Every structure is written in structure tokens, then in C-alpha cells.
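Here the structure is laid out as C-alpha cells; the discussion comes afterwards.
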Amino acid sequence: MMEQFFKIDPYIQQQAEQALALCGDAFARIDQIAEYNACKVLSAFIQCGVSESHFAGTTGYGYGDRGREVLDAVVAKIFGCEDALVRHNFVSGTHAITTALFGVLRPGDTIVSLAGVPYDTLQPVLGIVEGGSGSLREFGVHYRQLDLLPDGAIDFDGVAQAVQGAKVAYLQRSRGYSLRESVSIDDIAKVCRLVRQANPQAIIMVDNCYGEFVEKQEPTDVGADLIIGSLIKNPGGAIAKTGGYIAGRADLVEQCACRLTAPGVGKEVGCTLGENRSMFMGWFFAPTVVQSALRTAVFAAALFERLGFAVYPKYDSPRTDIVQAVKLGSPKGLEAFCVGMQRGAPVDAFVTPEAWDMPGYDSKVIMAAGAFTMGASIELSADGPMREPYAAWMQGGITWPSGKTGVILAAQSLLEAGVLAGS
């Protein structure tokens, strides 16, 4: 059908059809989880009494913003935790994570990362690389990490020793710019048990970016004290225009709120400026939008593996986030992949992606991101640093038909660039 609108080589069409035929079982699992999570979200909306009046915006201090308060309650209910801080003021996932870290850590405290080195943009925050003033290190917070095993798995045997004396045990759920497996809810539960046994007072904090609604449970369901994410990823449902969240133990959420605003006022202030409606709608749509993103990722894994590329994870592997990595193996391949992906975007499809010095990264990054919301990773996008292994990390797809089309156009672009041997 798409050949009526896009020029696709017969070889790519054939490979796409054969890849799609492989995806039935994976799609069935994704659809079942999406239905479960959609019901969970609907139940939270109903139990919290969401009303049209909660969509009204406030200005100034935002005292008594009922919509803000109910949205926090809805998200806490969804995540099975005590409280949440959902705000459009968070400019990114990194900002929300930074707020949480500065909210609960004090001079002399130690944070230990249990999944190796964290994502690029968080490294300047921790002070383990240069990148600006005001890092945790400058405030006297100590950092250490538990390296991953050679196969990319968490070193469960090393967790107990690693968290001795630590204030925060930090876990990044998604893979970042690496080819390791993302951390499943089962593995997060195991980490939480190990931390509780070794250091009962430690705050278990999980970077939940890209993972919301991918499984039936969230990290807070299995022992995490705080989870953090971005509303221009999964939970914003491609509707929220900006924002992020912190959810978990009520006392810790309040500490984070006091960092976001000011001590003594915490969650009681913060006008919503008419953003409540889009944030409510984003959370409501999120499970089915994540469903489309996961279908897109599974199809991409099946197709590009058939085309001879290494993919992480494979199409039939269990999923715990929406990210699909494709190892292109060369700068030319990475560029061609992103060019093709951009051609399938509803916005700025005519733009040719080029690598550039993106803030917070130590290598040039190329990004295909033709999105309705700038930088929205829940919309079909692909990016990667221009360094070995020259892989693209693809995510998103707010509708399954458009996501599938973007993936096929990326394959077509690789063929046109001479990276594929097919004809």
C-alpha cells in the first residue's frame, strides 16, 4: 500500500513483508500489555475524579491549582506509590533527574550507579566529566559506580558491597548510547532486594526514561523509592508539550519539590499556565502510544536483522523500554539510516540530518527527529554519536502505520547509499 505514496525498491518491500511475518507473537505480547496499562491508567483517572475543571490553568504563584494536585495524584496511583511531582517546568529528563539528585543528596553523601556509567547528559551533573558549573561533585557529593559485567549485565554479586555507605543507589533503566540490554522490571526488583538487605537506609532511585508502560509493572511496584522521567518520552503520549515527573515516597518527593521551587513552599506553588489538559491527555494516551512505538521497534529489529545488521534487542526478545539499537558499522551507514528516518517524519521530512556538537555530549551526534514537539523521543526518531560502533538508537512512533513507514524508508536510504548489497 505504501508504494502508492513512497518509492520503495522491490527488494526492500520483500524484506519488509518477510520481517513483518515474524512479528506476530511479539505484537500479541505488546498488545496485551498495552491493554492492561490502558485499563490501569483509566482506573486511576476515575478513582481520582478527574474533571474538566482540572484542565484550567493558573498564573502567578499557582496557589490551590486543583488540576496540578489531581494530576500528581493520578500519576502516583498509576505508579502505585505515595506521591508524584508532575510539572511542565522540567525542561528534560536530565533536569528532572538532576532535581531529584540535588533534592535528596547533601554534602558528604555518596551516590553509587549500579549499571555502570550513566547517560552522557548526566555525567556533567555528577561531575565525572567537565561540562559546566554547579555539579554534585562541586557540592561535595561523592560518586562511584558498579561496572557492568562483560556481557553488559548488572553485577548482582557486587551490589551489596557497592552500596555500603551510599545515600543513593542509582539505576538507569534504559541502555543510553550503549548496546547493553536495558534493565527489566524483574532485574530492578532483584537489585532492590539486594540493596535493602545490604543498606536498608539507601534511597533507590531509577531513571525510568523510555521505560514507562512497556511492562505491566513500574520500578515503584517492585521496591524503588523514586522514579523519574520525561513527558516528551513515553508518559507524555506525544501530547504533552514539555515537562517531566518524579514519583515515589512522599517525603522524598517533597524534598525534590523544595529543590524545584524553594524550601518551605515545595509542591504548593507553581502555576500551570494552561498545560494541565495536555499533560492529562498525554498520560491517558501513553499506553497505546507506547504500544505503537514498541511495534515499530520490533518491526525494525526484524527488518534490519534480515538486512544483515546487528540489532539490540532482537525482534523476539522481551522488551523493557522503547529503544531499538541498530549497529550500522560506519559513518556512512549511520548517516544514511538517519536520513531515511527523517524522510518518514510528518514534520521537516525535507531536512537532511547532519552531525553536530549537541550540548551534553562528548562526540558529534546525528539525529533524525521530525517531530511535532522538538526532541520528543516518543515520536519516531533516531540518533547516535559519530563514533564506534556507529549505531543508531531508534525510538518512538506515535502511530504504528507511520512508524513502520519510517523504518522502511530508513532501509531504502541504506540501499540508495550503497550500504546494502540487496537489489
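Ordering of the C-alpha cells sets the chain letters (A, B, ...), residue numbers begin anew at 1 in every chain, and ligands are numbered from 1 in the order given.
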Applying 12 Å and only C-alpha atoms, which residues near Pro124 of chain A remain after dropping the ones on its own chain fewer than 6 positions away? List them as number ranges by chain. A: 94-95, 98, 117-118, 130-138, 143, 359-362
Quick one: everything within 8 Å of segment 196-202 of chain A, counting only C-alpha atoms, minus sequence neighbours fewer than 2 positions away in the same chain. Send it as a list in words. Ala160, Gln161, Val163, Gln164, Gly165, Ala166, Lys167, Val168, Ala169, Cys192, Arg193, Leu194 and Ile204 of chain A
Could the residues in this selection be written to a file with N, CA and C atoms, as an mmCIF file, in the first residue's frame?
data_model
loop_
_atom_site.group_PDB
_atom_site.id
_atom_site.type_symbol
_atom_site.label_atom_id
_atom_site.label_comp_id
_atom_site.auth_asym_id
_atom_site.auth_seq_id
_atom_site.Cartn_x
_atom_site.Cartn_y
_atom_site.Cartn_z
ATOM 1 N N ALA A 160 25.834 -5.601 46.899
ATOM 2 C CA ALA A 160 25.881 -5.409 48.358
ATOM 3 C C ALA A 160 27.092 -4.588 48.782
ATOM 4 N N GLN A 161 28.245 -4.913 48.243
ATOM 5 C CA GLN A 161 29.451 -4.166 48.582
ATOM 6 C C GLN A 161 29.392 -2.747 48.038
ATOM 7 N N VAL A 163 26.934 -0.703 47.582
ATOM 8 C CA VAL A 163 26.030 0.262 48.212
ATOM 9 C C VAL A 163 26.365 0.523 49.672
ATOM 10 N N GLN A 164 27.415 -0.070 50.184
ATOM 11 C CA GLN A 164 27.802 0.204 51.561
ATOM 12 C C GLN A 164 28.120 1.691 51.730
ATOM 13 N N GLY A 165 27.435 2.325 52.660
ATOM 14 C CA GLY A 165 27.676 3.735 52.940
ATOM 15 C C GLY A 165 27.061 4.705 51.960
ATOM 16 N N ALA A 166 26.333 4.214 50.963
ATOM 17 C CA ALA A 166 25.757 5.096 49.940
ATOM 18 C C ALA A 166 24.418 5.666 50.398
ATOM 19 N N LYS A 167 24.175 6.920 50.075
ATOM 20 C CA LYS A 167 22.883 7.550 50.338
ATOM 21 C C LYS A 167 21.889 7.202 49.229
ATOM 22 N N VAL A 168 22.378 7.176 47.984
ATOM 23 C CA VAL A 168 21.521 6.887 46.834
ATOM 24 C C VAL A 168 22.109 5.733 46.042
ATOM 25 N N ALA A 169 21.290 4.735 45.793
ATOM 26 C CA ALA A 169 21.620 3.649 44.860
ATOM 27 C C ALA A 169 20.867 3.953 43.570
ATOM 28 N N CYS A 192 16.660 -4.109 43.953
ATOM 29 C CA CYS A 192 16.033 -3.502 45.137
ATOM 30 C C CYS A 192 16.157 -4.417 46.353
ATOM 31 N N ARG A 193 15.944 -5.694 46.164
ATOM 32 C CA ARG A 193 16.074 -6.638 47.282
ATOM 33 C C ARG A 193 17.506 -6.661 47.817
ATOM 34 N N LEU A 194 18.474 -6.677 46.903
ATOM 35 C CA LEU A 194 19.878 -6.720 47.313
ATOM 36 C C LEU A 194 20.287 -5.455 48.053
ATOM 37 N N ILE A 204 16.670 4.162 46.780
ATOM 38 C CA ILE A 204 16.796 3.515 45.472
ATOM 39 C C ILE A 204 16.098 4.400 44.448
#
Contacts of Asp207 of chain A at 8 Å or less, counting only C-alpha atoms, minus same-chain residues fewer than 2 places along, as a PyMOL selection string? chain A and resi 97+170-174+205+209+227-229
Residues from the last selection, N, CA and C atoms, saved as a compact mmCIF listing (two decimals), in the first residue's frame:
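For reference, selection-v4.txt as written:
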# COMPACT_ATOMS: atom_id res chain seq x y z
N ILE A 97 15.90 14.43 36.68
CA ILE A 97 16.83 13.58 37.44
C ILE A 97 17.75 14.44 38.30
N TYR A 170 21.61 4.27 42.53
CA TYR A 170 21.02 4.81 41.29
C TYR A 170 21.07 3.77 40.19
N LEU A 171 19.97 3.66 39.46
CA LEU A 171 19.87 2.66 38.40
C LEU A 171 19.26 3.29 37.16
N GLN A 172 19.95 3.19 36.05
CA GLN A 172 19.44 3.68 34.77
C GLN A 172 18.80 2.51 34.04
N ARG A 173 17.51 2.62 33.80
CA ARG A 173 16.77 1.50 33.21
C ARG A 173 17.12 1.29 31.74
N SER A 174 17.19 2.35 30.98
CA SER A 174 17.44 2.23 29.54
C SER A 174 18.93 2.13 29.25
N MET A 205 16.89 4.94 43.54
CA MET A 205 16.39 5.89 42.54
C MET A 205 16.58 5.28 41.15
N CYS A 209 13.27 6.74 32.22
CA CYS A 209 13.08 7.25 30.86
C CYS A 209 13.05 6.11 29.84
N ILE A 227 11.24 7.28 41.11
CA ILE A 227 11.45 7.10 39.67
C ILE A 227 11.26 8.45 39.01
N ILE A 228 11.97 8.64 37.91
CA ILE A 228 12.00 9.93 37.24
C ILE A 228 11.90 9.72 35.74
N GLY A 229 11.20 10.62 35.05
CA GLY A 229 11.11 10.52 33.61
C GLY A 229 10.71 11.83 32.96
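Relative to atom CA of Tyr61 of chain A, atom CA of Thr261 of chain A is found at 10.6 Å.
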Enumerate as a list in words all residues of segment 93-157 of chain A assigned to alpha helix (DSSP H) by DSSP on the backbone, naming them with the chain letters and numbers the document uses. Gly93, Thr94, His95, Ala96, Ile97, Thr98, Thr99, Ala100, Leu101, Phe102, Gly103, Val104, Gln123, Pro124, Val125, Leu126, Phe156 and Asp157 of chain A
Residues from last step as file, N, CA and C atoms, as a tab-separated table (two decimals), in the first residue's frame:
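Result written to result_27.tsv:
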chain	number	residue	atom	x	y	z
A	93	GLY	N	14.35	15.16	30.77
A	93	GLY	CA	14.54	14.09	31.74
A	93	GLY	C	15.76	14.34	32.61
A	94	THR	N	16.83	14.83	32.01
A	94	THR	CA	18.04	15.13	32.77
A	94	THR	C	17.77	16.17	33.84
A	95	HIS	N	16.97	17.17	33.52
A	95	HIS	CA	16.61	18.19	34.51
A	95	HIS	C	15.84	17.57	35.67
A	96	ALA	N	14.88	16.70	35.36
A	96	ALA	CA	14.11	16.06	36.42
A	96	ALA	C	15.00	15.19	37.31
A	97	ILE	N	15.90	14.43	36.68
A	97	ILE	CA	16.83	13.58	37.44
A	97	ILE	C	17.75	14.44	38.30
A	98	THR	N	18.24	15.53	37.73
A	98	THR	CA	19.12	16.44	38.48
A	98	THR	C	18.40	17.02	39.69
A	99	THR	N	17.14	17.43	39.48
A	99	THR	CA	16.35	17.95	40.59
A	99	THR	C	16.21	16.91	41.70
A	100	ALA	N	15.96	15.67	41.31
A	100	ALA	CA	15.82	14.61	42.30
A	100	ALA	C	17.13	14.37	43.04
A	101	LEU	N	18.24	14.35	42.33
A	101	LEU	CA	19.53	14.11	42.97
A	101	LEU	C	19.88	15.23	43.95
A	102	PHE	N	19.74	16.47	43.51
A	102	PHE	CA	20.02	17.59	44.40
A	102	PHE	C	18.98	17.68	45.53
A	103	GLY	N	17.78	17.13	45.27
A	103	GLY	CA	16.75	17.17	46.30
A	103	GLY	C	17.04	16.27	47.48
A	104	VAL	N	17.67	15.11	47.23
A	104	VAL	CA	17.84	14.14	48.32
A	104	VAL	C	19.28	14.01	48.80
A	123	GLN	N	26.45	12.93	33.15
A	123	GLN	CA	27.82	12.88	33.64
A	123	GLN	C	28.33	14.24	34.12
A	124	PRO	N	28.04	15.35	33.44
A	124	PRO	CA	28.43	16.66	33.99
A	124	PRO	C	27.70	17.00	35.29
A	125	VAL	N	26.49	16.52	35.44
A	125	VAL	CA	25.72	16.75	36.67
A	125	VAL	C	26.43	16.10	37.85
A	126	LEU	N	26.90	14.88	37.64
A	126	LEU	CA	27.60	14.15	38.68
A	126	LEU	C	29.01	14.69	38.92
A	156	PHE	N	25.14	-8.45	39.92
A	156	PHE	CA	24.33	-8.62	41.12
A	156	PHE	C	25.17	-9.01	42.33
A	157	ASP	N	26.20	-9.80	42.11
A	157	ASP	CA	27.05	-10.23	43.22
A	157	ASP	C	27.80	-9.06	43.85
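Within 10 Å of segment 28-34 of chain A, once only C-alpha atoms are used and residues closer than 3 positions along the same chain are dropped, the contacting residues are Cys23, Gly24, Asp25, Asn37, Ala38, Cys39, Lys40, Phe213, Val214, Glu215, Lys216, Gln217, Ala286, Pro287, Thr288, Val289, Val290, Gln291, Ser292, Ala293, Leu294, Arg295, Val298, Pro318 and Arg319 of chain A.
Put simply, atom CA of Glu335 of chain A is 14.9 Å away from atom CA of Phe309 of chain A.
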What gap, in Å, lies between atom CA of Gly158 of chain A and atom CA of Val183 of chain A? 16.2 Å
Excluding Ser230 of chain A and its own-chain neighbours fewer than 5 positions away, which residues fall within 10 Å of it when counting only C-alpha atoms? Please give them as a list in words. Val86, Arg87, His88, Phe90, Val91, Ser92, Gly93, Thr94, His95, Ala96, Ile97, Asp207, Asn208, Cys209, Tyr210, Glu212, Pro235, Gly236, Ala240, Thr242, Gly243, Gly244, Tyr245, Ile246, Ala376 and Ser377 of chain A
Any chance you could export the current selection's N, CA and C atoms as a compact mmCIF listing (two decimals), in the first residue's frame?
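Below is the file that was written, selection-v2.txt:
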# COMPACT_ATOMS: atom_id res chain seq x y z
N VAL A 86 4.57 16.23 39.05
CA VAL A 86 4.45 16.27 37.59
C VAL A 86 4.37 17.73 37.18
N ARG A 87 5.37 18.23 36.46
CA ARG A 87 5.42 19.65 36.17
C ARG A 87 5.91 19.92 34.74
N HIS A 88 5.28 20.91 34.12
CA HIS A 88 5.77 21.32 32.81
C HIS A 88 7.08 22.09 32.94
N PHE A 90 9.85 21.13 34.22
CA PHE A 90 11.01 20.30 33.91
C PHE A 90 11.30 20.38 32.42
N VAL A 91 12.51 20.79 32.08
CA VAL A 91 12.82 21.01 30.66
C VAL A 91 13.28 19.75 29.97
N SER A 92 13.61 18.71 30.72
CA SER A 92 14.09 17.46 30.13
C SER A 92 14.12 16.39 31.21
N GLY A 93 14.35 15.16 30.77
CA GLY A 93 14.54 14.09 31.74
C GLY A 93 15.76 14.34 32.61
N THR A 94 16.83 14.83 32.01
CA THR A 94 18.04 15.13 32.77
C THR A 94 17.77 16.17 33.84
N HIS A 95 16.97 17.17 33.52
CA HIS A 95 16.61 18.19 34.51
C HIS A 95 15.84 17.57 35.67
N ALA A 96 14.88 16.70 35.36
CA ALA A 96 14.11 16.06 36.42
C ALA A 96 15.00 15.19 37.31
N ILE A 97 15.90 14.43 36.68
CA ILE A 97 16.83 13.58 37.44
C ILE A 97 17.75 14.44 38.30
N ASP A 207 16.17 5.93 36.99
CA ASP A 207 15.90 6.71 35.79
C ASP A 207 14.98 5.85 34.92
N ASN A 208 13.72 6.23 34.86
CA ASN A 208 12.69 5.42 34.19
C ASN A 208 12.46 5.84 32.75
N CYS A 209 13.27 6.74 32.22
CA CYS A 209 13.08 7.25 30.86
C CYS A 209 13.05 6.11 29.84
N TYR A 210 12.11 6.18 28.93
CA TYR A 210 11.87 5.22 27.85
C TYR A 210 11.21 3.93 28.33
N GLU A 212 8.44 3.64 30.73
CA GLU A 212 7.07 3.69 31.24
C GLU A 212 6.11 2.94 30.32
N PRO A 235 5.52 8.88 28.82
CA PRO A 235 4.29 9.23 29.54
C PRO A 235 3.59 10.47 29.04
N GLY A 236 4.23 11.24 28.17
CA GLY A 236 3.56 12.40 27.60
C GLY A 236 2.67 12.05 26.42
N ALA A 240 1.75 15.98 25.55
CA ALA A 240 2.39 16.96 26.42
C ALA A 240 3.50 17.68 25.66
N THR A 242 5.92 19.59 26.96
CA THR A 242 7.17 19.63 27.70
C THR A 242 6.90 19.02 29.07
N GLY A 243 7.92 18.91 29.91
CA GLY A 243 7.69 18.50 31.29
C GLY A 243 8.35 17.20 31.67
N GLY A 244 8.19 16.86 32.95
CA GLY A 244 8.74 15.64 33.49
C GLY A 244 8.05 15.30 34.79
N TYR A 245 8.50 14.21 35.40
CA TYR A 245 7.88 13.80 36.66
C TYR A 245 8.92 13.17 37.57
N ILE A 246 8.62 13.23 38.87
CA ILE A 246 9.32 12.48 39.90
C ILE A 246 8.23 11.83 40.74
N ALA A 376 11.02 15.24 21.03
CA ALA A 376 10.13 14.24 21.63
C ALA A 376 10.53 12.83 21.19
N SER A 377 11.11 12.07 22.10
CA SER A 377 11.61 10.75 21.76
C SER A 377 10.51 9.71 21.62
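Remark: for Thr220 of chain A, the closest of the candidate residues A:Phe350, A:Phe79, A:Trp283, A:Phe45 is A:Phe79 (distances computed over only C-alpha atoms).
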List every residue of segment 42-265 of chain A that DSSP, applied to the backbone, labels as strand (DSSP E), and write the result as an MDAnalysis selection string. chainID A and resid 83:87 110:113 142:145 168:172 203:207 226:230 244:248
